[in-house]
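Participant: The structure file run-v4.cif (mmCIF, C-alpha atoms) is provided below.
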```cif
data_my_file
loop_
_atom_site.label_atom_id
_atom_site.label_comp_id
_atom_site.auth_asym_id
_atom_site.auth_seq_id
_atom_site.Cartn_x
_atom_site.Cartn_y
_atom_site.Cartn_z
CA MET A 1 141.11 115.24 90.26
CA LYS A 2 138.21 113.39 91.94
CA ARG A 3 135.81 115.19 89.63
CA ILE A 4 137.72 114.04 86.52
CA VAL A 5 137.79 110.44 87.75
CA PHE A 6 134.03 110.61 88.42
CA ILE A 7 133.34 111.97 84.92
CA VAL A 8 135.52 109.25 83.32
CA ILE A 9 133.68 106.54 85.29
CA ILE A 10 130.26 107.89 84.26
CA MET A 11 131.30 108.16 80.61
CA THR A 12 132.68 104.61 80.68
CA LEU A 13 129.46 103.24 82.18
CA LEU A 14 127.38 105.07 79.60
CA ALA A 15 129.52 103.72 76.77
CA PHE A 16 128.70 100.12 77.74
CA THR A 17 124.95 100.48 78.22
CA GLU A 18 122.63 99.61 75.39
CA LYS A 19 120.89 102.54 73.78
CA ARG A 20 117.24 102.93 74.61
CA ASN A 21 115.00 104.23 71.87
CA THR A 22 111.78 106.15 72.14
CA THR A 23 109.17 107.14 69.59
CA LEU A 24 105.53 108.11 69.22
CA VAL A 25 103.15 106.22 66.95
CA VAL A 26 99.57 106.79 65.88
CA ILE A 27 97.13 104.19 64.66
CA THR A 28 95.69 105.35 61.35
CA HIS A 29 92.03 105.15 60.37
CA GLU A 30 92.79 102.39 57.85
CA SER A 31 93.28 100.04 60.80
CA SER A 32 90.80 97.50 62.12
CA LEU A 33 90.38 95.60 65.36
CA PHE A 34 87.53 93.27 66.19
CA VAL A 35 86.54 90.46 68.52
CA LYS A 36 85.00 87.32 67.02
CA GLY A 37 83.10 84.75 68.96
CA SER A 38 80.24 82.32 68.65
CA THR A 39 77.30 80.88 70.49
CA ASN A 40 75.79 77.43 70.20
CA ILE A 41 73.47 78.98 67.56
CA ASN A 42 75.32 81.76 65.73
CA SER A 43 78.52 83.80 65.55
CA PHE A 44 79.14 87.45 66.41
CA THR A 45 81.70 90.15 65.69
CA CYS A 46 82.30 93.27 67.78
CA TYR A 47 84.23 95.98 65.92
CA TYR A 48 86.31 98.60 67.71
CA ASN A 49 85.82 102.18 66.50
CA ILE A 50 89.40 102.93 65.43
CA ASN A 51 88.53 106.62 64.99
CA GLN A 52 88.56 106.86 68.80
CA LEU A 53 92.31 106.11 68.90
CA VAL A 54 93.51 109.66 68.38
CA LYS A 55 96.22 110.01 71.03
CA PRO A 56 99.79 109.17 70.03
CA ILE A 57 101.16 106.10 71.80
CA PRO A 58 104.59 106.49 73.39
CA VAL A 59 106.87 103.53 72.71
CA PHE A 60 110.10 102.86 74.62
CA PHE A 61 112.28 99.98 73.45
CA GLU A 62 115.79 98.60 73.22
CA LYS A 63 117.49 95.92 71.15
CA LYS A 64 118.72 93.16 73.39
CA ASP A 65 119.99 89.65 72.57
CA GLY A 66 118.40 89.57 69.10
CA LYS A 67 115.04 90.78 70.40
CA ILE A 68 113.38 94.13 70.70
CA VAL A 69 112.29 94.62 74.30
CA PHE A 70 109.62 97.19 75.05
CA THR A 71 109.51 98.96 78.40
CA LYS A 72 106.47 101.01 77.48
CA ALA A 73 104.13 100.26 74.58
CA THR A 74 100.50 100.01 75.67
CA LEU A 75 97.38 100.27 73.55
CA ILE A 76 94.38 101.32 75.66
CA LEU A 77 90.93 100.39 74.33
CA ASP A 78 87.83 101.94 75.87
CA ASN A 79 85.24 99.16 76.07
CA VAL A 80 82.42 101.53 75.15
CA HIS A 81 83.83 101.88 71.60
CA PHE A 82 83.11 98.24 70.66
CA ASP A 83 80.07 97.79 68.42
CA CYS A 84 78.56 94.32 68.14
CA GLY A 85 75.81 95.25 65.69
CA HIS A 86 72.88 96.14 67.89
CA LYS A 87 72.15 97.60 71.29
CA GLY A 88 71.28 94.34 73.05
CA MET A 89 74.52 92.66 72.01
CA ASN A 90 76.50 95.79 72.89
CA ASN A 91 75.00 95.76 76.39
CA ASP A 92 75.79 92.05 76.78
CA PHE A 93 79.38 92.63 75.64
CA GLN A 94 79.82 95.52 78.10
CA GLU A 95 78.40 93.37 80.88
CA LEU A 96 80.71 90.48 79.95
CA LEU A 97 83.76 92.79 80.15
CA LYS A 98 82.58 94.21 83.49
CA SER A 99 82.86 97.65 81.89
CA GLU A 100 81.32 99.53 84.81
CA MET A 101 84.21 98.46 87.02
CA TYR A 102 86.89 97.99 84.31
CA PRO A 103 86.11 100.39 81.43
CA GLN A 104 89.29 99.70 79.46
CA ILE A 105 91.29 96.87 77.94
CA PHE A 106 95.09 97.20 78.05
CA LEU A 107 97.27 95.53 75.44
CA THR A 108 100.96 95.89 76.34
CA LEU A 109 103.68 94.85 73.92
CA LYS A 110 106.59 93.34 75.87
CA GLY A 111 108.91 92.22 73.07
CA ILE A 112 109.30 90.87 69.57
CA LYS A 113 111.71 88.43 68.01
CA LYS A 114 112.14 87.27 64.44
CA GLY A 115 110.38 84.14 63.33
CA THR A 116 112.29 81.27 61.77
CA LEU A 117 110.24 80.57 58.64
CA ASN A 118 109.22 83.95 57.24
CA LYS A 119 111.11 87.21 57.63
CA ASN A 120 107.83 89.17 57.77
CA ILE A 121 106.49 87.11 60.68
CA VAL A 122 107.65 87.92 64.20
CA GLN A 123 106.73 86.47 67.57
CA ALA A 124 105.19 89.17 69.75
CA ASP A 125 105.12 88.76 73.52
CA LEU A 126 102.29 90.75 75.01
CA ASP A 127 100.21 91.19 78.12
CA LEU A 128 96.45 91.54 77.81
CA ASN A 129 94.46 93.00 80.70
CA ILE A 130 90.70 92.50 80.61
CA ALA A 131 88.47 93.15 83.63
CA GLY A 132 91.47 93.62 85.90
CA VAL A 133 93.07 90.26 85.01
CA THR A 134 96.34 90.16 83.04
CA ARG A 135 97.43 87.21 80.92
CA SER A 136 100.58 86.84 78.81
CA TYR A 137 100.57 85.59 75.23
CA THR A 138 103.01 84.96 72.39
CA VAL A 139 101.38 85.74 69.06
CA PRO A 140 102.68 85.38 65.50
CA VAL A 141 102.39 88.82 63.89
CA LYS A 142 102.87 89.76 60.25
CA LEU A 143 104.79 93.00 59.67
CA ASP A 144 104.84 94.96 56.43
CA ALA A 145 106.80 98.19 56.29
CA GLY A 146 106.20 101.00 53.83
CA LYS A 147 105.16 104.58 54.51
CA SER A 148 103.58 103.12 57.61
CA MET A 149 103.98 99.82 59.46
CA ASN A 150 101.21 97.28 58.97
CA VAL A 151 100.88 94.95 61.97
CA GLU A 152 98.50 92.04 61.53
CA GLY A 153 97.57 89.05 63.67
CA ILE A 154 95.00 87.03 65.55
CA LEU A 155 95.06 86.46 69.29
CA ASN A 156 93.10 83.38 70.37
CA LEU A 157 91.98 83.30 73.98
CA ARG A 158 89.35 82.05 76.36
CA ILE A 159 86.87 84.27 78.15
CA SER A 160 87.34 82.19 81.29
CA ASP A 161 91.09 83.03 81.34
CA PHE A 162 90.04 86.47 82.61
CA ASN A 163 87.66 85.13 85.26
CA LEU A 164 84.73 86.08 83.04
CA GLU A 165 81.73 83.84 82.65
CA PRO A 166 80.42 83.38 79.12
CA PRO A 167 76.89 84.81 79.09
CA LYS A 168 73.77 82.67 78.68
CA LYS A 169 70.52 83.97 77.21
CA PHE A 170 66.94 82.76 76.95
CA LEU A 171 67.04 80.56 80.06
CA GLY A 172 70.35 79.03 78.99
CA LEU A 173 69.25 78.09 75.48
CA VAL A 174 71.84 80.43 73.91
CA VAL A 175 75.34 80.14 75.35
CA VAL A 176 78.43 82.10 74.28
CA LYS A 177 81.37 79.75 73.69
CA ASP A 178 84.47 80.27 75.82
CA ALA A 179 86.92 80.59 72.89
CA ILE A 180 87.13 83.99 71.17
CA GLU A 181 89.66 85.71 68.95
CA ILE A 182 90.91 89.25 68.69
CA ASN A 183 91.76 90.16 65.09
CA PHE A 184 93.93 93.18 64.46
CA GLN A 185 95.28 94.89 61.39
CA LEU A 186 96.92 98.08 62.59
CA GLN A 187 98.51 100.72 60.39
CA LEU A 188 101.10 102.43 62.59
CA LYS A 189 102.64 105.73 61.64
CA GLU A 190 105.61 107.20 63.47
CA ILE A 191 105.28 110.89 64.31
#
```
So, in terms of structure tokens, how does the structure I just supplied come out?
Facilitator:
Amino acid sequence: MKRIVFIVIIMTLLAFTEKRNTTLVVITHESSLFVKGSTNINSFTCYYNINQLVKPIPVFFEKKDGKIVFTKATLILDNVHFDCGHKGMNNDFQELLKSEMYPQIFLTLKGIKKGTLNKNIVQADLDLNIAGVTRSYTVPVKLDAGKSMNVEGILNLRISDFNLEPPKKFLGLVVVKDAIEINFQLQLKEI
């Protein structure tokens, strides 16, 4: 009898919990991700080699209070796969990111909720970890679904938010500005 009561209690508890979902996604080669910044003289763009993102990304989520909450959805970017156009700029970018000590950037999706003006625009809550420092952001993201999911947006941030010092070159004559943006257009395919 105790066993039956225990089973009924467990089944009742399970019936009232929200269902958690899990999936695997890959980022297709049609995707792009790049960092844009500027100096007091010029601008620069560092492109991430998307072909290096070959491992499927596990995604765990649940629908809760009109939002989708993610318990695991992290994109890991190896700093070495950014290309700023030439070796000197690549070295400066790696030094800026403190790549020897922190070789990866972690972008963790925490949740999304529908926007109010456009049904294809959602507000994405995410954590960005650069050089061991994590900051939280809410970013408007455009979603287009078809055979794959197109996720597009721009994350504006400051280098100094991550305790990084914008580099100076040529005795301080060339200074990288603190504000940069991360542009992403990711084609996600569920596997």
Participant: Mind pulling up the distance from CA of Cys84 (chain A) to CA of Ala131 (chain A)?
Facilitator: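 Here the two named atoms are 18.4 Å from each other.
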Participant: Calculate how many Å separate CA of Thr39 (chain A) from CA of Val175 (chain A), rounding to one decimal.
Facilitator: 5.3 Å
Participant: For Ile50 (chain A), which residue out of A:Lys114, A:His81, A:Lys36, A:Lys67 is the nearest one, using only C-alpha atoms?
Facilitator: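 Closest candidate: A:His81.
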Participant: Using all atoms listed in the file, which protein or nucleic acid residues come within 8 Å of region 68-73 of chain A? Drop anything in the same chain fewer than 5 positions from it, and give the result as a list in words.
Facilitator: Ile57, Pro58, Val59, Phe60, Phe61, Glu62, Lys63, Thr108, Leu109, Lys110, Gly111, Ile112 and Lys113 of chain A
Participant: Could you list, as a list in words, every residue within 10 Å of Gly115 (chain A), counting only C-alpha atoms and ignoring same-chain residues fewer than 5 positions away?
Facilitator: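 So the residues in contact are Asn120, Ile121, Val122, Gln123, Ala124, Pro140, Val141 and Lys142 of chain A.
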Participant: Go through A:His29, A:Lys168, A:Arg135, A:Lys87 one by one, measure the shortest atom-to-atom distance of each to Leu53 (chain A) using all atoms listed in the file, and give the residue with the smallest value.
Facilitator: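 Of all the options, A:His29 lies closest to Leu53 (chain A).
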Participant: Please compute the CA of Phe93 (chain A)-CA of Val25 (chain A) distance, one decimal, in Å.
Facilitator: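 Those two atoms sit 28.7 Å apart.
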Participant: Would you kindly return, as a list in words, each protein, DNA or RNA residue with an atom no farther than 10 Å from any atom of Ile182 (chain A), considering only C-alpha atoms and excluding same-chain residues fewer than 6 positions away?
Facilitator: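 Listed by chain and then number, they are Leu33, Phe34, Val35, Lys36, Gly37, Thr45, Cys46, Tyr47, Gly153, Ile154, Leu155, Asn156 and Leu157 of chain A.
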Participant: Those residues you just picked out, can you put them in a file as a PDB file, in the frame of the given file with C-alpha atoms?
Facilitator:
```
ATOM      1  CA  LEU A  33      90.380  95.600  65.360  1.00  0.00           C
ATOM      2  CA  PHE A  34      87.530  93.270  66.190  1.00  0.00           C
ATOM      3  CA  VAL A  35      86.540  90.460  68.520  1.00  0.00           C
ATOM      4  CA  LYS A  36      85.000  87.320  67.020  1.00  0.00           C
ATOM      5  CA  GLY A  37      83.100  84.750  68.960  1.00  0.00           C
ATOM      6  CA  THR A  45      81.700  90.150  65.690  1.00  0.00           C
ATOM      7  CA  CYS A  46      82.300  93.270  67.780  1.00  0.00           C
ATOM      8  CA  TYR A  47      84.230  95.980  65.920  1.00  0.00           C
ATOM      9  CA  GLY A 153      97.570  89.050  63.670  1.00  0.00           C
ATOM     10  CA  ILE A 154      95.000  87.030  65.550  1.00  0.00           C
ATOM     11  CA  LEU A 155      95.060  86.460  69.290  1.00  0.00           C
ATOM     12  CA  ASN A 156      93.100  83.380  70.370  1.00  0.00           C
ATOM     13  CA  LEU A 157      91.980  83.300  73.980  1.00  0.00           C
TER      14      LEU A 157
END
```
Participant: Name the closest residue to Phe106 (chain A) among the candidates A:Val151, A:Met89, A:Asp144, A:Leu75; distances are taken between atoms, counting all atoms listed in the file.
Facilitator: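 Answer, going by the shortest atom-to-atom distance: A:Leu75.
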Participant: Please work out which residues fall within 8 Å of (91.8, 100.2, 77.5), coordinates as given in the file, with all atoms listed in the file counting, and return them as a VMD selection string.
Facilitator: chain A and resid 75 to 79 103 to 107
Participant: Could you check which of A:Leu96, A:Ile159, A:Ser148, A:Pro167 is closest to Glu190 (chain A), using only C-alpha atoms?
Facilitator: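 Looking at the shortest contact to Glu190 (chain A), the residue is A:Ser148.
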Participant: Run the PyMOL selection byres ((chain A and resi 138) around 6) on the file and write out the hits as a list in words.
Facilitator: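 Listing what the PyMOL selection byres ((chain A and resi 138) around 6) selects in the shown file: Ala124, Asp125, Tyr137 and Val139 of chain A.
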Participant: Env of Asn40 (chain A): 8 Å cut, atoms = only C-alpha atoms, seq-sep filter 5 positions within chain, self excluded. Answer as a ChimeraX atom specification.
Facilitator: /A:174-177
Participant: Between A:Asn91, A:Asn118, A:Asn163, A:Asn150, which residue has the minimum interatomic distance to Ser32 (chain A), considering all atoms listed in the file?
Facilitator: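 When distances to Ser32 (chain A) are compared using all atoms listed in the file, the smallest one comes from A:Asn150.
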Participant: Counting only C-alpha atoms, which residues have an atom no more than 6 Å from (93.8, 87.7, 82.6) in the file's coordinates? Please list them as a ChimeraX atom specification.
Facilitator: /A:129,133-135,161-162
Participant: Would you save the residues of that selection, restricted to C-alpha atoms, as a PDB file, in the coordinates of the input?
Facilitator:
```pdb
ATOM      1  CA  ASN A 129      94.460  93.000  80.700  1.00  0.00           C
ATOM      2  CA  VAL A 133      93.070  90.260  85.010  1.00  0.00           C
ATOM      3  CA  THR A 134      96.340  90.160  83.040  1.00  0.00           C
ATOM      4  CA  ARG A 135      97.430  87.210  80.920  1.00  0.00           C
ATOM      5  CA  ASP A 161      91.090  83.030  81.340  1.00  0.00           C
ATOM      6  CA  PHE A 162      90.040  86.470  82.610  1.00  0.00           C
TER       7      PHE A 162
END
```
Participant: Would you mind telling me which residue in A:Thr74, A:Asn42, A:Thr23, A:Asp83 lies nearest to Leu126 (chain A) when using only C-alpha atoms?
Facilitator: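 Residue with the minimum atom-to-atom distance to Leu126 (chain A): A:Thr74.
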